[in-house]
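Please read the structure below before turning to the comments.
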Amino acid sequence: MTKILVIESSFQQEPASASRRITNRLLVEWERREPTVTIVRRDLGRNPPPHVSEALFTGLSLPVQERTPEQVTAVAAAQALIDELLDADVIVIGAPMYNFSVPSTLKCWIDNIAIAGKTFRYTAEGRPQGLVHGKRVYVIASRGGIYSEGPGAANNFQDTYLRAVLGLLGMTDFSVISAERQKMSADQQALGTRTAEQQIADALALEFSA
């Protein structure tokens with residue numbers, strides 16, 4: 001039985017949020033194919049994670065009994081997010097593009113899970129090595145314009161960033177569902193949505209072909 005961790009990061013809710021609409025479409029289609037799937041949802045838009053702090057990184061270097069209450073809280077919050085990640089088989093990230101990149105809440109989530117010794121380590125040569133393996137990642141990248149190609153591609157620090165940082169942690173089985181044109185005309189928005197839906201159909205056909 002597959003366990004999916006869904007990370008939503010839009011500050012908007014449905015139907016205003018394109019990333020949430022497309023993410024929900026993916027999950028509905030997955031459940032149709034696998035009714036026994038387990039879906040765990042973390043809504044960063046409604047419940048943002050804490051910013052990483054000195055308390056977290058100082059606390060990580062200390063034995064539990066020597067941590068201050070602030071350090072205990074910070075370490076526990078990060079560990080809960082890491083445990084949730086490690087427990088999942090599939091990670092679905094709803095990521096709207098804000099100012100060419102990801103929402104700050106999603107960046108906070110990444111900062112809390114990207115911890116040396118927990119989700120990656122440094123080799124004797126000083127190279128980072130991911131410790132999170134066996135996960136499939138689907139990023140629902142919603143965008144107001146067109147950033148997958150053409151002039152806008154140079155300003156895409158959204159899914160390109162996620163691919164890099166999650167790859168650092170060992171998550172290299174990475175697919176992007178692009179819901180573009182969402183702030184363009186109604187016809188263009190509909191085209192962007194249809195394109196994303198086709199990408200979902202293609203991704204799930206491959207997912208369940210084995």
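Each chain in the structure tokens gets a letter, A, B and so on, in the order shown; residues start at 1 in every chain, and ligands are counted from 1 in the order they appear.
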* For Cys108 in chain A, please output as an NGL selection string all residues within 10 Å (counting only C-alpha atoms; exclusion window: fewer than 2 positions along the same chain). => :A and (44 or 48-52 or 103-106 or 110-114)
* Which of these residues is nearest to Arg163 in chain A, using only C-alpha atoms: A:Val102, A:Gln199, A:Val28, A:Ser209? ->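 For Arg163 in chain A, the nearest of the candidates is A:Val102.
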Quick one: DSSP strand (DSSP E) residues in range 118-182 of chain A, as a short mmCIF file (atom, residue, chain, number, x, y, z; two decimals) with N, CA and C atoms, in the first residue's frame?
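Contents of the output file selection11.cif:
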```cif
data_model
loop_
_atom_site.label_atom_id
_atom_site.label_comp_id
_atom_site.auth_asym_id
_atom_site.auth_seq_id
_atom_site.Cartn_x
_atom_site.Cartn_y
_atom_site.Cartn_z
N PHE A 120 20.97 14.18 4.92
CA PHE A 120 22.15 14.08 4.07
C PHE A 120 23.38 14.10 4.97
N ARG A 121 24.51 13.75 4.39
CA ARG A 121 25.76 13.77 5.15
C ARG A 121 26.88 14.23 4.24
N TYR A 122 28.01 14.53 4.84
CA TYR A 122 29.19 14.88 4.07
C TYR A 122 30.16 13.69 4.08
N PRO A 128 28.51 16.41 -0.34
CA PRO A 128 27.22 16.05 0.25
C PRO A 128 26.67 14.77 -0.36
N GLN A 129 26.05 13.95 0.47
CA GLN A 129 25.49 12.67 0.02
C GLN A 129 24.10 12.52 0.63
N GLY A 130 23.10 12.35 -0.22
CA GLY A 130 21.73 12.22 0.26
C GLY A 130 21.49 10.93 1.01
N ARG A 136 9.44 8.78 -4.52
CA ARG A 136 9.09 9.43 -5.78
C ARG A 136 8.50 10.79 -5.46
N VAL A 137 8.93 11.78 -6.20
CA VAL A 137 8.49 13.16 -5.94
C VAL A 137 7.74 13.69 -7.16
N TYR A 138 6.55 14.24 -6.90
CA TYR A 138 5.78 14.93 -7.93
C TYR A 138 5.60 16.37 -7.47
N VAL A 139 6.07 17.31 -8.26
CA VAL A 139 5.90 18.73 -7.95
C VAL A 139 4.83 19.31 -8.86
N ILE A 140 3.80 19.87 -8.26
CA ILE A 140 2.76 20.57 -9.01
C ILE A 140 3.17 22.03 -9.03
N ALA A 141 3.74 22.46 -10.16
CA ALA A 141 4.30 23.80 -10.28
C ALA A 141 3.32 24.71 -11.02
N SER A 142 2.56 25.48 -10.28
CA SER A 142 1.62 26.41 -10.92
C SER A 142 2.31 27.76 -11.12
N ASP A 173 14.15 10.73 -8.05
CA ASP A 173 13.02 10.27 -8.86
C ASP A 173 11.98 11.38 -8.83
N PHE A 174 12.11 12.34 -9.73
CA PHE A 174 11.48 13.65 -9.61
C PHE A 174 10.72 13.98 -10.88
N SER A 175 9.43 14.30 -10.75
CA SER A 175 8.62 14.67 -11.91
C SER A 175 7.94 16.01 -11.65
N VAL A 176 7.80 16.81 -12.69
CA VAL A 176 7.16 18.12 -12.57
C VAL A 176 5.87 18.13 -13.40
N ILE A 177 4.77 18.51 -12.77
CA ILE A 177 3.51 18.76 -13.46
C ILE A 177 3.37 20.28 -13.52
N SER A 178 3.45 20.85 -14.73
CA SER A 178 3.45 22.30 -14.88
C SER A 178 2.06 22.82 -15.23
N ALA A 179 1.50 23.61 -14.33
CA ALA A 179 0.22 24.27 -14.58
C ALA A 179 0.51 25.74 -14.84
#
```
Within 9 Å of range 22-26 of chain A, which residues of range 86-134 of chain A come that close, and what is the closest atom pair and distance in Å for each? Count only C-alpha atoms and give it as JSON lines.
```
{"residue": "A:Val92", "atom": "CA", "partner": "A:Thr23", "partner_atom": "CA", "distance": 7.6}
{"residue": "A:Ile93", "atom": "CA", "partner": "A:Thr23", "partner_atom": "CA", "distance": 7.8}
{"residue": "A:Gly94", "atom": "CA", "partner": "A:Thr23", "partner_atom": "CA", "distance": 6.1}
```
* Could you state the separation of CA of Ser10 in chain A and CA of Gln158 in chain A in Å, given to one decimal place? ->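 CA of Gln158 in chain A lies 13.2 Å from CA of Ser10 in chain A.
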* Asked: Can you tell me, as a PyMOL selection string, what residues are no more than 10 Å from Asn156 in chain A when counting only C-alpha atoms, ignoring any on the same chain fewer than 2 positions away?
  -> chain A and resi 97+99-102+143+146-149+151-154+158-161
Put those residues in a file: all heavy atoms, as a compact mmCIF listing (two decimals), in the first residue's frame.
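The resulting file, selection13.txt, is reproduced below:
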```txt
# COMPACT_ATOMS: atom_id res chain seq x y z
N MET A 97 4.32 29.42 -8.03
CA MET A 97 5.48 30.29 -8.21
C MET A 97 5.18 31.66 -7.63
O MET A 97 4.24 32.34 -8.04
CB MET A 97 5.82 30.43 -9.70
CG MET A 97 6.99 31.39 -9.95
SD MET A 97 7.41 31.59 -11.71
CE MET A 97 8.46 30.16 -11.97
N ASN A 99 7.13 35.18 -7.21
CA ASN A 99 8.32 35.98 -7.54
C ASN A 99 9.46 35.11 -8.06
O ASN A 99 10.60 35.22 -7.59
CB ASN A 99 8.75 36.80 -6.32
CG ASN A 99 7.67 37.76 -5.86
OD1 ASN A 99 7.06 38.43 -6.69
ND2 ASN A 99 7.42 37.81 -4.57
N PHE A 100 9.13 34.24 -8.99
CA PHE A 100 10.07 33.36 -9.69
C PHE A 100 10.53 32.17 -8.86
O PHE A 100 11.30 31.35 -9.35
CB PHE A 100 11.31 34.11 -10.18
CG PHE A 100 11.03 35.30 -11.06
CD1 PHE A 100 11.68 36.50 -10.86
CD2 PHE A 100 10.10 35.21 -12.09
CE1 PHE A 100 11.41 37.61 -11.67
CE2 PHE A 100 9.83 36.30 -12.90
CZ PHE A 100 10.48 37.50 -12.68
N SER A 101 10.10 32.02 -7.62
CA SER A 101 10.58 30.93 -6.77
C SER A 101 9.41 30.30 -6.03
O SER A 101 8.26 30.41 -6.46
CB SER A 101 11.64 31.48 -5.80
OG SER A 101 12.26 30.41 -5.10
N VAL A 102 9.70 29.64 -4.92
CA VAL A 102 8.68 28.93 -4.15
C VAL A 102 8.19 29.79 -2.99
O VAL A 102 8.88 30.73 -2.58
CB VAL A 102 9.23 27.59 -3.61
CG1 VAL A 102 9.65 26.69 -4.75
CG2 VAL A 102 10.39 27.82 -2.65
N ARG A 143 1.99 28.39 -12.26
CA ARG A 143 2.64 29.64 -12.64
C ARG A 143 1.67 30.55 -13.38
O ARG A 143 0.83 30.06 -14.14
CB ARG A 143 3.84 29.36 -13.55
CG ARG A 143 4.85 28.39 -12.96
CD ARG A 143 5.77 27.83 -14.01
NE ARG A 143 6.64 26.80 -13.43
CZ ARG A 143 7.15 25.79 -14.11
NH1 ARG A 143 6.86 25.64 -15.39
NH2 ARG A 143 7.94 24.92 -13.52
N ILE A 146 4.44 31.74 -18.50
CA ILE A 146 5.12 30.60 -19.10
C ILE A 146 6.59 30.65 -18.70
O ILE A 146 7.32 31.57 -19.08
CB ILE A 146 4.98 30.62 -20.64
CG1 ILE A 146 3.50 30.59 -21.03
CG2 ILE A 146 5.72 29.43 -21.25
CD1 ILE A 146 3.26 30.80 -22.52
N TYR A 147 7.01 29.66 -17.94
CA TYR A 147 8.38 29.62 -17.42
C TYR A 147 9.07 28.28 -17.69
O TYR A 147 10.20 28.09 -17.27
CB TYR A 147 8.39 29.91 -15.92
CG TYR A 147 7.95 31.31 -15.59
CD1 TYR A 147 6.61 31.61 -15.38
CD2 TYR A 147 8.87 32.35 -15.53
CE1 TYR A 147 6.19 32.91 -15.11
CE2 TYR A 147 8.47 33.65 -15.25
CZ TYR A 147 7.13 33.92 -15.04
OH TYR A 147 6.73 35.19 -14.77
N SER A 148 8.40 27.38 -18.38
CA SER A 148 9.02 26.10 -18.71
C SER A 148 9.86 26.17 -19.97
O SER A 148 10.69 25.30 -20.23
CB SER A 148 7.94 25.02 -18.88
OG SER A 148 7.05 25.37 -19.94
N GLU A 149 9.66 27.24 -20.74
CA GLU A 149 10.38 27.41 -21.99
C GLU A 149 10.37 28.89 -22.36
O GLU A 149 9.69 29.69 -21.73
CB GLU A 149 9.72 26.58 -23.11
CG GLU A 149 8.28 26.97 -23.36
CD GLU A 149 7.60 26.09 -24.38
OE1 GLU A 149 8.20 25.09 -24.79
OE2 GLU A 149 6.46 26.41 -24.78
N PRO A 151 11.72 32.84 -23.02
CA PRO A 151 12.46 33.80 -22.21
C PRO A 151 12.25 33.62 -20.71
O PRO A 151 13.15 33.87 -19.91
CB PRO A 151 11.91 35.15 -22.68
CG PRO A 151 11.37 34.89 -24.05
CD PRO A 151 10.85 33.49 -24.01
N GLY A 152 11.05 33.18 -20.31
CA GLY A 152 10.76 33.03 -18.88
C GLY A 152 11.54 31.94 -18.20
O GLY A 152 11.69 31.95 -16.97
N ALA A 153 12.06 30.98 -18.96
CA ALA A 153 12.77 29.84 -18.36
C ALA A 153 13.99 30.28 -17.56
O ALA A 153 14.36 29.64 -16.58
CB ALA A 153 13.18 28.84 -19.44
N ALA A 154 14.60 31.39 -17.95
CA ALA A 154 15.78 31.88 -17.23
C ALA A 154 15.43 32.35 -15.83
O ALA A 154 16.31 32.44 -14.96
CB ALA A 154 16.43 33.02 -18.01
N GLN A 158 11.89 27.87 -9.35
CA GLN A 158 10.83 27.18 -8.62
C GLN A 158 11.10 25.68 -8.63
O GLN A 158 11.71 25.14 -7.70
CB GLN A 158 9.48 27.51 -9.27
CG GLN A 158 8.27 26.84 -8.67
CD GLN A 158 7.11 26.85 -9.65
OE1 GLN A 158 7.30 26.77 -10.86
NE2 GLN A 158 5.90 26.97 -9.14
N ASP A 159 10.68 24.97 -9.68
CA ASP A 159 10.93 23.53 -9.72
C ASP A 159 12.42 23.23 -9.91
O ASP A 159 12.89 22.18 -9.48
CB ASP A 159 10.09 22.85 -10.80
CG ASP A 159 10.40 23.36 -12.19
OD1 ASP A 159 9.81 24.38 -12.58
OD2 ASP A 159 11.21 22.74 -12.88
N THR A 160 13.17 24.15 -10.51
CA THR A 160 14.61 23.94 -10.65
C THR A 160 15.28 23.91 -9.28
O THR A 160 16.17 23.08 -9.03
CB THR A 160 15.23 25.04 -11.51
OG1 THR A 160 14.85 26.33 -10.99
CG2 THR A 160 14.76 24.94 -12.95
N TYR A 161 14.85 24.78 -8.39
CA TYR A 161 15.37 24.79 -7.02
C TYR A 161 14.97 23.52 -6.28
O TYR A 161 15.80 22.88 -5.61
CB TYR A 161 14.84 26.02 -6.26
CG TYR A 161 14.98 25.93 -4.77
CD1 TYR A 161 16.24 25.95 -4.16
CD2 TYR A 161 13.86 25.78 -3.95
CE1 TYR A 161 16.37 25.84 -2.78
CE2 TYR A 161 13.99 25.69 -2.58
CZ TYR A 161 15.24 25.72 -2.00
OH TYR A 161 15.37 25.60 -0.64
```
Per residue of range 125-206 of chain A within 12 Å of range 59-82 of chain A, record the nearest atom pair and its distance in Å to one decimal, counting only C-alpha atoms, with rows in chain order and ascending residue number, as JSON lines.
```
{"residue": "A:Leu131", "atom": "CA", "partner": "A:Ile82", "partner_atom": "CA", "distance": 11.5}
{"residue": "A:Val132", "atom": "CA", "partner": "A:Ile82", "partner_atom": "CA", "distance": 9.9}
{"residue": "A:Leu169", "atom": "CA", "partner": "A:Ile82", "partner_atom": "CA", "distance": 11.3}
```
Output the selection as a short mmCIF file (atom, residue, chain, number, x, y, z; two decimals), in the first residue's frame - N, CA and C atoms for each residue.
```
data_model
loop_
_atom_site.label_atom_id
_atom_site.label_comp_id
_atom_site.auth_asym_id
_atom_site.auth_seq_id
_atom_site.Cartn_x
_atom_site.Cartn_y
_atom_site.Cartn_z
N LEU A 131 20.60 11.01 2.01
CA LEU A 131 20.25 9.85 2.82
C LEU A 131 18.78 9.45 2.68
N VAL A 132 18.02 10.19 1.88
CA VAL A 132 16.60 9.91 1.69
C VAL A 132 16.43 9.23 0.33
N LEU A 169 19.20 15.68 -1.09
CA LEU A 169 18.79 14.78 -0.02
C LEU A 169 18.64 13.34 -0.48
#
```
* How would you write, as a PyMOL selection string, the set of residues in range 57-206 of chain A that DSSP gives as helix (DSSP H, G or I)? -> chain A and resi 57-60+64-66+69-87+104-113+150-155+159-168+186-206
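Atom pair CA of Phe11 in chain A / CA of Phe157 in chain A has a distance of 18.8 Å (rounded to one decimal).
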* **Å distance separating CA of Leu86 in chain A from CA of Val37 in chain A, one decimal place** => 16.6 Å
* To do: Identify which of the residues A:Ala196, A:Leu162, A:Leu168, A:Val90 lies closest to Glu180 in chain A, counting only C-alpha atoms when measuring atom-to-atom distances.
  => A:Ala196
* **For Ala16 in chain A, the nearest of the candidates A:Lys107, A:Lys3, A:Arg32, A:Lys183, counting only C-alpha atoms** =>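 Among the listed residues, the smallest separation from Ala16 in chain A belongs to A:Lys183.
You can rank A:Pro96, A:Arg41, A:Thr193, A:Thr36 by their closest distance to Ser17 in chain A using only C-alpha atoms, and at the top of that list sits A:Pro96.
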